[in-house]
Amino acid sequence: MNWLSTIIRPRIRSIVNEQKDVPDNLWSKCPKCDGMLFHKELKASKNVCYHCNFHMTITVKQRLELLFDDAKYEKIALPKVPHDPLKFKHRKKYVDQLKDAQSKTGEREALVIGKGTIGGQNTVVAAFNFAFIGGSMGTAVGEGIVRAAQEAVQTKSALIVIPASGGARMQEGMLSLMQMPRTIIAADMVKEQGLPYIVLLTNPTTGGVSASFAMVGDIHIAEPGATVGFAGRRVIEETVRETLPDDFQTAEYLLDHGMVDMVVERTKLHHEIAKLLCLLMSPTTDTKKLKGSGYGDQSKDAKGKNSTSTPKTKGTKASVRKASDLAKEPANKSADTQKNAPKSAKTSQ
Amino acid sequence: MSQLEFEKQIIEVEGKITELKNMSSESSANMADELQRMEKKVHKLLTQTYSKLTPAQKVQVARHQNRPHFLDYVNVLFDDFTLLAGDRNFANDEALLGGIGRFQGQSCVIIGQERGHDTESRLKHNFGMARPEGYRKAQRLMKMAEQFNLPIITLVDTAGAYPGLGAEERGQSEAIAKSIETCLNVSVPIISIIIGEGGSGGAIAIATADRIYMLEHSIYSVISPEGCASILWRSRDFADEAATALKITAQDIEKLGLIDGIIAEPVGGAHRAKAETIQNVADQIAKALKQLTPWDADKLKAARRQKFLSFGQAA
Ligand SMILES: [Zn+2]
């Protein structure tokens, strides 16, 4: 399930290394169009090639800063799990592989959880780190997604999960396969509360990760060019000998085939997600009134206003129905609410 | 392909026994003695071999073409078994089959992969590798079970979901994910038996159950040993090592606490004694059904959720 990682990793590695080693005033090459990219400009474009729009990987930290209002979020620690349950050993020991990944990334596992607001709406984001053993999903990642879902439920927040993963962590054997149902339970816990569950598919999302929590979202968003699919391209070519189209398993291909709601460029992600969260979590507030208070704007524009208009204070303005109201459900069944909130009706099931 | 390398000696003696039996017209006391001696020998060899199969050998046994398959089970275990076809959307998948039937008096929905037993049937059933239509048919049948308050029994036997262009086009990932989600949320008992090979996402799509059992020599794995070897060892030649490292045998998985029990196979494996194996599976299904009946839908779902949430949690 993790077969893609072996193909993709070398390319990614070269990108990551280049960025670390080369000083800011140097150029690098776009891996897709070979265009020269000035590092400062690349940073401003969020690692998107400004010649051909190729979306290179960004660090999880950059990813979270990009999404949250004012680039501000609080990190939530991953729960502890037994690591290396199988005492797995291939050409090297899995425990050593884990240590290497930890020292390389500075993170304990392939998932980082942050909480804050997006468009003023309470949101928990769980983002995969592809640099950590191909972003593969083992017990720690699965438990992290469960933790993120619990946090979303407790704080009446939306949950956004951002896979960047070759699939299951095969070094954990069957325990990694069991993370498929586990993470779907996590998604269901959020959905049952009438809270939005959004999946942001980034490059790559394959195998057991694509066939679990990543495909049960209320809304599926994909980054341009991201590879998303179940079986790896090479596996399909080898086993089935079918000719595959050039755009096979790309975000755009998935959009064509009805598997994602939209393909959104990285620089527009904050705006789109903020808009969606406002629509879903504040269904009776005119979104225009929310503009300038964090909604859809870059952090610098919204800074001053946003800090004063947290979802709580904003709610007082124009009878905003917040996530917290939605989740309370039975207590909240005024005639008005029932009329206008088809979304929350589902929670009673 | 039907002959397992490690069974060579056993199959030789078995062949001689058949020969002797065929000559039974001229049987003598001497020959009867010889026959008995040889049968004892085979039994001893089988007992020895099968008590210490390596994980790699289990992979071969689990995939053996003469093992009882889905249709062998349903034809014996269910009265009035009726196949139901189609996902009501695109096609009828022939790899993942399902229907209704009566198990010891109780109507049930039965779902599982059929691998086929010869070239023709294997092609028909796509070697037991389902496309999205299969997993969508499974969802449809599970919801029907819920509608009529019938328990669900799944028999899992697949190398994995089918890796193909059309399958990807039609959302293999989504079909599997939704199938797991449906398993998790149905309001009726769901019992799964891994009867041969439990291949990754294609298996767990219908094996997210209240009770999960494995046949003694079946395997269940997150990735095929060959696939794992080609990635982690950079060569399929290390499939045996991968089979051991991945802990894919029923015995290993029971130790990990991920299944509810192991169903014994007759000496020499299910491929030597179909009827007895099927009976053992029936006994286990009956026991599990008894444990789960009568059911309270909410408690059942909560317990199922808790069961899966606990996998991998720190103790
Ligand atoms: Zn470029």
# chains A, B, ... in the order shown; residues from 1 in each chain; ligands from 1

call {"tool": "closest_atom_pairs", "arguments": {"of": "chain A", "to": "ligand 1", "cutoff": "7 Å", "atoms": "only C-alpha atoms and all ligand atoms", "output": "JSON lines"}}
result
{"residue": "A:Cys30", "atom": "CA", "partner": "ligand 1", "partner_atom_place_in_ligand_line": "1 (Zn)", "distance": 4.5}
{"residue": "A:Pro31", "atom": "CA", "partner": "ligand 1", "partner_atom_place_in_ligand_line": "1 (Zn)", "distance": 6.6}
{"residue": "A:Lys32", "atom": "CA", "partner": "ligand 1", "partner_atom_place_in_ligand_line": "1 (Zn)", "distance": 5.1}
{"residue": "A:Cys33", "atom": "CA", "partner": "ligand 1", "partner_atom_place_in_ligand_line": "1 (Zn)", "distance": 4.1}
{"residue": "A:Asp34", "atom": "CA", "partner": "ligand 1", "partner_atom_place_in_ligand_line": "1 (Zn)", "distance": 6.1}
{"residue": "A:Gly35", "atom": "CA", "partner": "ligand 1", "partner_atom_place_in_ligand_line": "1 (Zn)", "distance": 5.4}
{"residue": "A:Cys49", "atom": "CA", "partner": "ligand 1", "partner_atom_place_in_ligand_line": "1 (Zn)", "distance": 4.6}
{"residue": "A:Tyr50", "atom": "CA", "partner": "ligand 1", "partner_atom_place_in_ligand_line": "1 (Zn)", "distance": 6.6}
{"residue": "A:His51", "atom": "CA", "partner": "ligand 1", "partner_atom_place_in_ligand_line": "1 (Zn)", "distance": 5.0}
{"residue": "A:Cys52", "atom": "CA", "partner": "ligand 1", "partner_atom_place_in_ligand_line": "1 (Zn)", "distance": 4.1}
{"residue": "A:Asn53", "atom": "CA", "partner": "ligand 1", "partner_atom_place_in_ligand_line": "1 (Zn)", "distance": 6.0}
{"residue": "A:Phe54", "atom": "CA", "partner": "ligand 1", "partner_atom_place_in_ligand_line": "1 (Zn)", "distance": 5.2}

call {"tool": "write_last_selection", "arguments": {"atoms": "N, CA, C and O atoms", "output": "PDB file, in the first residue's frame"}}
result
ATOM      1  N   CYS A  30      12.540  24.334 -11.080  1.00  0.00           N
ATOM      2  CA  CYS A  30      11.268  23.643 -10.893  1.00  0.00           C
ATOM      3  C   CYS A  30      11.417  22.210 -11.402  1.00  0.00           C
ATOM      4  O   CYS A  30      11.876  21.992 -12.519  1.00  0.00           O
ATOM      5  N   PRO A  31      11.032  21.236 -10.566  1.00  0.00           N
ATOM      6  CA  PRO A  31      11.196  19.846 -10.991  1.00  0.00           C
ATOM      7  C   PRO A  31      10.311  19.493 -12.186  1.00  0.00           C
ATOM      8  O   PRO A  31      10.549  18.500 -12.849  1.00  0.00           O
ATOM      9  N   LYS A  32       9.323  20.307 -12.464  1.00  0.00           N
ATOM     10  CA  LYS A  32       8.434  19.963 -13.571  1.00  0.00           C
ATOM     11  C   LYS A  32       8.821  20.681 -14.873  1.00  0.00           C
ATOM     12  O   LYS A  32       8.993  20.064 -15.898  1.00  0.00           O
ATOM     13  N   CYS A  33       8.977  22.011 -14.803  1.00  0.00           N
ATOM     14  CA  CYS A  33       9.205  22.760 -16.040  1.00  0.00           C
ATOM     15  C   CYS A  33      10.647  23.226 -16.179  1.00  0.00           C
ATOM     16  O   CYS A  33      11.002  23.847 -17.178  1.00  0.00           O
ATOM     17  N   ASP A  34      11.482  22.902 -15.175  1.00  0.00           N
ATOM     18  CA  ASP A  34      12.883  23.306 -15.200  1.00  0.00           C
ATOM     19  C   ASP A  34      13.073  24.821 -15.119  1.00  0.00           C
ATOM     20  O   ASP A  34      14.176  25.312 -15.301  1.00  0.00           O
ATOM     21  N   GLY A  35      12.015  25.539 -14.905  1.00  0.00           N
ATOM     22  CA  GLY A  35      12.127  26.991 -14.796  1.00  0.00           C
ATOM     23  C   GLY A  35      12.936  27.388 -13.559  1.00  0.00           C
ATOM     24  O   GLY A  35      12.939  26.690 -12.549  1.00  0.00           O
ATOM     25  N   CYS A  49       5.383  26.677  -8.173  1.00  0.00           N
ATOM     26  CA  CYS A  49       6.185  27.232  -9.269  1.00  0.00           C
ATOM     27  C   CYS A  49       5.402  28.349  -9.945  1.00  0.00           C
ATOM     28  O   CYS A  49       4.276  28.144 -10.392  1.00  0.00           O
ATOM     29  N   TYR A  50       6.021  29.511 -10.021  1.00  0.00           N
ATOM     30  CA  TYR A  50       5.282  30.635 -10.607  1.00  0.00           C
ATOM     31  C   TYR A  50       5.416  30.698 -12.123  1.00  0.00           C
ATOM     32  O   TYR A  50       4.957  31.630 -12.761  1.00  0.00           O
ATOM     33  N   HIS A  51       6.047  29.663 -12.703  1.00  0.00           N
ATOM     34  CA  HIS A  51       6.010  29.540 -14.169  1.00  0.00           C
ATOM     35  C   HIS A  51       4.899  28.588 -14.609  1.00  0.00           C
ATOM     36  O   HIS A  51       4.117  28.903 -15.492  1.00  0.00           O
ATOM     37  N   CYS A  52       4.861  27.402 -13.973  1.00  0.00           N
ATOM     38  CA  CYS A  52       3.952  26.365 -14.483  1.00  0.00           C
ATOM     39  C   CYS A  52       2.898  25.935 -13.464  1.00  0.00           C
ATOM     40  O   CYS A  52       2.125  25.013 -13.734  1.00  0.00           O
ATOM     41  N   ASN A  53       2.876  26.569 -12.320  1.00  0.00           N
ATOM     42  CA  ASN A  53       1.879  26.267 -11.290  1.00  0.00           C
ATOM     43  C   ASN A  53       2.062  24.898 -10.638  1.00  0.00           C
ATOM     44  O   ASN A  53       1.144  24.354 -10.028  1.00  0.00           O
ATOM     45  N   PHE A  54       3.245  24.294 -10.794  1.00  0.00           N
ATOM     46  CA  PHE A  54       3.493  23.006 -10.146  1.00  0.00           C
ATOM     47  C   PHE A  54       3.545  23.198  -8.627  1.00  0.00           C
ATOM     48  O   PHE A  54       4.243  24.064  -8.122  1.00  0.00           O
TER      49      PHE A  54
END

call {"tool": "residues_around", "arguments": {"residues": "region 257-265 of chain B", "least_positions_apart": "3", "cutoff": "7 Å", "atoms": "only C-alpha atoms", "output": "JSON list (two decimals) with all heavy atoms, in the first residue's frame"}}
result
[["chain", "number", "residue", "atom", "x", "y", "z"],
["B", 211, "ARG", "N", -17.58, -9.77, 15.23],
["B", 211, "ARG", "CA", -16.74, -10.93, 15.52],
["B", 211, "ARG", "C", -15.94, -11.26, 14.27],
["B", 211, "ARG", "O", -16.51, -11.31, 13.17],
["B", 211, "ARG", "CB", -17.60, -12.15, 15.89],
["B", 211, "ARG", "CG", -18.42, -11.99, 17.16],
["B", 211, "ARG", "CD", -17.55, -12.16, 18.42],
["B", 211, "ARG", "NE", -18.41, -12.18, 19.61],
["B", 211, "ARG", "CZ", -18.88, -11.09, 20.22],
["B", 211, "ARG", "NH1", -18.57, -9.89, 19.74],
["B", 211, "ARG", "NH2", -19.64, -11.20, 21.28],
["B", 212, "ILE", "N", -14.65, -11.46, 14.45],
["B", 212, "ILE", "CA", -13.79, -11.80, 13.32],
["B", 212, "ILE", "C", -13.03, -13.08, 13.67],
["B", 212, "ILE", "O", -12.40, -13.17, 14.74],
["B", 212, "ILE", "CB", -12.77, -10.67, 13.04],
["B", 212, "ILE", "CG1", -13.48, -9.31, 12.95],
["B", 212, "ILE", "CG2", -11.99, -10.95, 11.76],
["B", 212, "ILE", "CD1", -12.54, -8.13, 13.13],
["B", 213, "TYR", "N", -13.13, -14.07, 12.81],
["B", 213, "TYR", "CA", -12.41, -15.33, 13.02],
["B", 213, "TYR", "C", -11.55, -15.61, 11.80],
["B", 213, "TYR", "O", -11.85, -15.17, 10.69],
["B", 213, "TYR", "CB", -13.39, -16.49, 13.24],
["B", 213, "TYR", "CG", -14.34, -16.23, 14.38],
["B", 213, "TYR", "CD1", -15.61, -15.71, 14.14],
["B", 213, "TYR", "CD2", -13.96, -16.47, 15.70],
["B", 213, "TYR", "CE1", -16.48, -15.44, 15.18],
["B", 213, "TYR", "CE2", -14.82, -16.20, 16.75],
["B", 213, "TYR", "CZ", -16.08, -15.69, 16.49],
["B", 213, "TYR", "OH", -16.93, -15.41, 17.53],
["B", 214, "MET", "N", -10.47, -16.36, 12.04],
["B", 214, "MET", "CA", -9.63, -16.79, 10.92],
["B", 214, "MET", "C", -9.52, -18.30, 10.92],
["B", 214, "MET", "O", -9.37, -18.91, 11.99],
["B", 214, "MET", "CB", -8.23, -16.17, 11.02],
["B", 214, "MET", "CG", -8.17, -14.68, 10.75],
["B", 214, "MET", "SD", -6.48, -14.02, 10.89],
["B", 214, "MET", "CE", -5.69, -14.72, 9.42],
["B", 215, "LEU", "N", -9.56, -18.91, 9.75],
["B", 215, "LEU", "CA", -9.25, -20.33, 9.66],
["B", 215, "LEU", "C", -7.78, -20.52, 10.02],
["B", 215, "LEU", "O", -6.96, -19.63, 9.81],
["B", 215, "LEU", "CB", -9.54, -20.86, 8.25],
["B", 215, "LEU", "CG", -10.97, -21.38, 8.04],
["B", 215, "LEU", "CD1", -11.19, -21.76, 6.58],
["B", 215, "LEU", "CD2", -11.27, -22.58, 8.93],
["B", 216, "GLU", "N", -7.48, -21.70, 10.55],
["B", 216, "GLU", "CA", -6.16, -21.97, 11.11],
["B", 216, "GLU", "C", -4.99, -21.64, 10.17],
["B", 216, "GLU", "O", -3.96, -21.13, 10.62],
["B", 216, "GLU", "CB", -6.11, -23.47, 11.48],
["B", 216, "GLU", "CG", -4.88, -23.87, 12.24],
["B", 216, "GLU", "CD", -4.89, -25.37, 12.60],
["B", 216, "GLU", "OE1", -5.97, -26.00, 12.44],
["B", 216, "GLU", "OE2", -3.85, -25.88, 13.01],
["B", 250, "ALA", "N", -2.85, -16.55, 11.30],
["B", 250, "ALA", "CA", -3.96, -16.47, 12.25],
["B", 250, "ALA", "C", -3.41, -16.45, 13.68],
["B", 250, "ALA", "O", -3.91, -15.71, 14.54],
["B", 250, "ALA", "CB", -4.91, -17.65, 12.05],
["B", 253, "ILE", "N", -1.88, -13.04, 14.52],
["B", 253, "ILE", "CA", -2.89, -11.97, 14.60],
["B", 253, "ILE", "C", -3.75, -12.15, 15.86],
["B", 253, "ILE", "O", -4.17, -11.17, 16.48],
["B", 253, "ILE", "CB", -3.73, -11.92, 13.30],
["B", 253, "ILE", "CG1", -2.81, -11.50, 12.15],
["B", 253, "ILE", "CG2", -4.89, -10.95, 13.42],
["B", 253, "ILE", "CD1", -3.41, -11.67, 10.79],
["B", 254, "GLU", "N", -3.96, -13.40, 16.24],
["B", 254, "GLU", "CA", -4.67, -13.62, 17.50],
["B", 254, "GLU", "C", -3.87, -13.07, 18.68],
["B", 254, "GLU", "O", -4.40, -12.44, 19.58],
["B", 254, "GLU", "CB", -4.97, -15.11, 17.71],
["B", 254, "GLU", "CG", -5.94, -15.34, 18.88],
["B", 254, "GLU", "CD", -6.21, -16.81, 19.14],
["B", 254, "GLU", "OE1", -5.27, -17.61, 19.07],
["B", 254, "GLU", "OE2", -7.38, -17.13, 19.43],
["B", 269, "GLY", "N", -4.82, -29.51, 6.30],
["B", 269, "GLY", "CA", -5.35, -28.29, 5.72],
["B", 269, "GLY", "C", -6.71, -28.45, 5.07],
["B", 269, "GLY", "O", -7.15, -29.56, 4.75],
["B", 270, "ALA", "N", -7.38, -27.32, 4.89],
["B", 270, "ALA", "CA", -8.74, -27.29, 4.35],
["B", 270, "ALA", "C", -8.83, -27.89, 2.96],
["B", 270, "ALA", "O", -9.86, -28.46, 2.58],
["B", 270, "ALA", "CB", -9.26, -25.85, 4.32],
["B", 277, "THR", "N", -13.96, -28.83, 7.06],
["B", 277, "THR", "CA", -13.63, -27.42, 7.27],
["B", 277, "THR", "C", -14.90, -26.56, 7.29],
["B", 277, "THR", "O", -15.07, -25.72, 8.18],
["B", 277, "THR", "CB", -12.71, -26.91, 6.14],
["B", 277, "THR", "OG1", -11.57, -27.77, 6.07],
["B", 277, "THR", "CG2", -12.27, -25.48, 6.39],
["B", 280, "ASN", "N", -16.67, -26.92, 10.50],
["B", 280, "ASN", "CA", -16.03, -26.16, 11.58],
["B", 280, "ASN", "C", -16.40, -24.68, 11.53],
["B", 280, "ASN", "O", -16.63, -24.04, 12.56],
["B", 280, "ASN", "CB", -14.51, -26.31, 11.52],
["B", 280, "ASN", "CG", -14.06, -27.72, 11.86],
["B", 280, "ASN", "OD1", -14.87, -28.56, 12.28],
["B", 280, "ASN", "ND2", -12.77, -28.00, 11.66],
["B", 281, "VAL", "N", -16.45, -24.16, 10.31],
["B", 281, "VAL", "CA", -16.83, -22.76, 10.14],
["B", 281, "VAL", "C", -18.28, -22.56, 10.58],
["B", 281, "VAL", "O", -18.61, -21.60, 11.29],
["B", 281, "VAL", "CB", -16.62, -22.30, 8.68],
["B", 281, "VAL", "CG1", -17.28, -20.94, 8.42],
["B", 281, "VAL", "CG2", -15.13, -22.23, 8.37]]

call {"tool": "interface_residues", "arguments": {"of": "chain B", "to": "chain A", "cutoff": "6 Å", "atoms": "only C-alpha atoms", "output": "list in words"}}
result
Pro163, Gly164, Ser173, Glu174, Ile176, Ala177, Ser221, Val222, Ala245, Leu246, Phe308, Leu309, Gly312, Gln313 and Ala314 of chain B

call {"tool": "select_by_dssp", "arguments": {"residues": "region 42-195 of chain B", "states": "strand (DSSP E)", "output": "count of residues only"}}
result
35

call {"tool": "atom_distance", "arguments": {"atom1": "CA of Asp84 (chain A)", "atom2": "CA of Leu98 (chain A)"}}
result
8.8 Å

call {"tool": "atom_distance", "arguments": {"atom1": "CA of Pro224 (chain A)", "atom2": "CA of Gly227 (chain B)"}}
result
29.0 Å

call {"tool": "decode", "arguments": {"residues": "region 107-185 of chain A", "atoms": "C-alpha atoms", "output": "PDB file, in the first residue's frame"}}
result
ATOM      1  CA  GLU A 107       8.505  15.407  14.832  1.00  0.00           C
ATOM      2  CA  ARG A 108       7.486  12.315  16.721  1.00  0.00           C
ATOM      3  CA  GLU A 109       5.351  10.880  13.952  1.00  0.00           C
ATOM      4  CA  ALA A 110       3.905  11.470  10.496  1.00  0.00           C
ATOM      5  CA  LEU A 111       1.016  13.627  11.726  1.00  0.00           C
ATOM      6  CA  VAL A 112       0.808  17.091  13.240  1.00  0.00           C
ATOM      7  CA  ILE A 113      -2.369  18.408  14.865  1.00  0.00           C
ATOM      8  CA  GLY A 114      -3.143  22.075  15.267  1.00  0.00           C
ATOM      9  CA  LYS A 115      -6.162  24.001  16.428  1.00  0.00           C
ATOM     10  CA  GLY A 116      -7.241  27.566  15.841  1.00  0.00           C
ATOM     11  CA  THR A 117      -9.703  29.373  13.635  1.00  0.00           C
ATOM     12  CA  ILE A 118     -10.187  29.521   9.877  1.00  0.00           C
ATOM     13  CA  GLY A 119     -12.480  32.290   8.692  1.00  0.00           C
ATOM     14  CA  GLY A 120     -13.218  32.808  12.362  1.00  0.00           C
ATOM     15  CA  GLN A 121     -14.579  29.276  12.715  1.00  0.00           C
ATOM     16  CA  ASN A 122     -13.122  26.917  15.266  1.00  0.00           C
ATOM     17  CA  THR A 123     -11.111  24.325  13.408  1.00  0.00           C
ATOM     18  CA  VAL A 124      -8.845  21.387  14.167  1.00  0.00           C
ATOM     19  CA  VAL A 125      -6.390  20.447  11.429  1.00  0.00           C
ATOM     20  CA  ALA A 126      -4.521  17.141  11.263  1.00  0.00           C
ATOM     21  CA  ALA A 127      -1.811  17.287   8.610  1.00  0.00           C
ATOM     22  CA  PHE A 128       0.373  14.434   7.387  1.00  0.00           C
ATOM     23  CA  ASN A 129       4.105  14.847   7.049  1.00  0.00           C
ATOM     24  CA  PHE A 130       5.261  13.044   3.922  1.00  0.00           C
ATOM     25  CA  ALA A 131       8.883  13.423   4.974  1.00  0.00           C
ATOM     26  CA  PHE A 132       8.189  11.051   7.866  1.00  0.00           C
ATOM     27  CA  ILE A 133       8.414   7.527   6.342  1.00  0.00           C
ATOM     28  CA  GLY A 134       6.355   8.562   3.339  1.00  0.00           C
ATOM     29  CA  GLY A 135       3.568   9.881   5.552  1.00  0.00           C
ATOM     30  CA  SER A 136       2.534   6.275   6.133  1.00  0.00           C
ATOM     31  CA  MET A 137      -0.284   5.579   8.574  1.00  0.00           C
ATOM     32  CA  GLY A 138       0.439   3.397  11.576  1.00  0.00           C
ATOM     33  CA  THR A 139      -1.031   3.330  15.054  1.00  0.00           C
ATOM     34  CA  ALA A 140       0.409   6.715  16.027  1.00  0.00           C
ATOM     35  CA  VAL A 141      -1.110   8.456  13.024  1.00  0.00           C
ATOM     36  CA  GLY A 142      -4.420   6.643  13.476  1.00  0.00           C
ATOM     37  CA  GLU A 143      -4.520   7.570  17.137  1.00  0.00           C
ATOM     38  CA  GLY A 144      -3.628  11.145  16.194  1.00  0.00           C
ATOM     39  CA  ILE A 145      -6.610  11.378  13.869  1.00  0.00           C
ATOM     40  CA  VAL A 146      -8.874   9.965  16.596  1.00  0.00           C
ATOM     41  CA  ARG A 147      -7.424  12.551  18.981  1.00  0.00           C
ATOM     42  CA  ALA A 148      -8.023  15.356  16.479  1.00  0.00           C
ATOM     43  CA  ALA A 149     -11.636  14.222  16.042  1.00  0.00           C
ATOM     44  CA  GLN A 150     -12.195  14.136  19.803  1.00  0.00           C
ATOM     45  CA  GLU A 151     -10.771  17.632  20.084  1.00  0.00           C
ATOM     46  CA  ALA A 152     -13.081  18.826  17.306  1.00  0.00           C
ATOM     47  CA  VAL A 153     -16.101  17.312  19.035  1.00  0.00           C
ATOM     48  CA  GLN A 154     -15.155  18.717  22.447  1.00  0.00           C
ATOM     49  CA  THR A 155     -14.504  22.220  21.164  1.00  0.00           C
ATOM     50  CA  LYS A 156     -17.318  22.182  18.548  1.00  0.00           C
ATOM     51  CA  SER A 157     -14.812  22.661  15.786  1.00  0.00           C
ATOM     52  CA  ALA A 158     -14.620  21.644  12.178  1.00  0.00           C
ATOM     53  CA  LEU A 159     -12.112  18.897  11.397  1.00  0.00           C
ATOM     54  CA  ILE A 160      -9.801  19.137   8.413  1.00  0.00           C
ATOM     55  CA  VAL A 161      -7.499  16.222   7.662  1.00  0.00           C
ATOM     56  CA  ILE A 162      -4.730  16.699   5.105  1.00  0.00           C
ATOM     57  CA  PRO A 163      -3.292  13.420   3.876  1.00  0.00           C
ATOM     58  CA  ALA A 164       0.102  13.281   2.168  1.00  0.00           C
ATOM     59  CA  SER A 165       0.774   9.606   2.372  1.00  0.00           C
ATOM     60  CA  GLY A 166       1.765   6.560   0.399  1.00  0.00           C
ATOM     61  CA  GLY A 167      -0.637   4.449   2.453  1.00  0.00           C
ATOM     62  CA  ALA A 168      -0.455   2.147   5.431  1.00  0.00           C
ATOM     63  CA  ARG A 169       2.683   1.792   7.575  1.00  0.00           C
ATOM     64  CA  MET A 170       3.411  -1.788   6.601  1.00  0.00           C
ATOM     65  CA  GLN A 171       6.101  -2.075   9.277  1.00  0.00           C
ATOM     66  CA  GLU A 172       3.207  -2.242  11.743  1.00  0.00           C
ATOM     67  CA  GLY A 173       1.479  -5.036   9.848  1.00  0.00           C
ATOM     68  CA  MET A 174      -2.181  -5.665  10.578  1.00  0.00           C
ATOM     69  CA  LEU A 175      -2.253  -2.926  13.197  1.00  0.00           C
ATOM     70  CA  SER A 176      -1.741  -0.420  10.410  1.00  0.00           C
ATOM     71  CA  LEU A 177      -4.601  -1.926   8.389  1.00  0.00           C
ATOM     72  CA  MET A 178      -6.836  -1.495  11.452  1.00  0.00           C
ATOM     73  CA  GLN A 179      -6.263   2.266  11.263  1.00  0.00           C
ATOM     74  CA  MET A 180      -8.580   2.320   8.253  1.00  0.00           C
ATOM     75  CA  PRO A 181     -11.744   1.602  10.285  1.00  0.00           C
ATOM     76  CA  ARG A 182     -10.362   3.575  13.219  1.00  0.00           C
ATOM     77  CA  THR A 183      -9.914   6.769  11.244  1.00  0.00           C
ATOM     78  CA  ILE A 184     -13.341   6.338   9.644  1.00  0.00           C
ATOM     79  CA  ILE A 185     -14.810   6.134  13.146  1.00  0.00           C
TER      80      ILE A 185
END
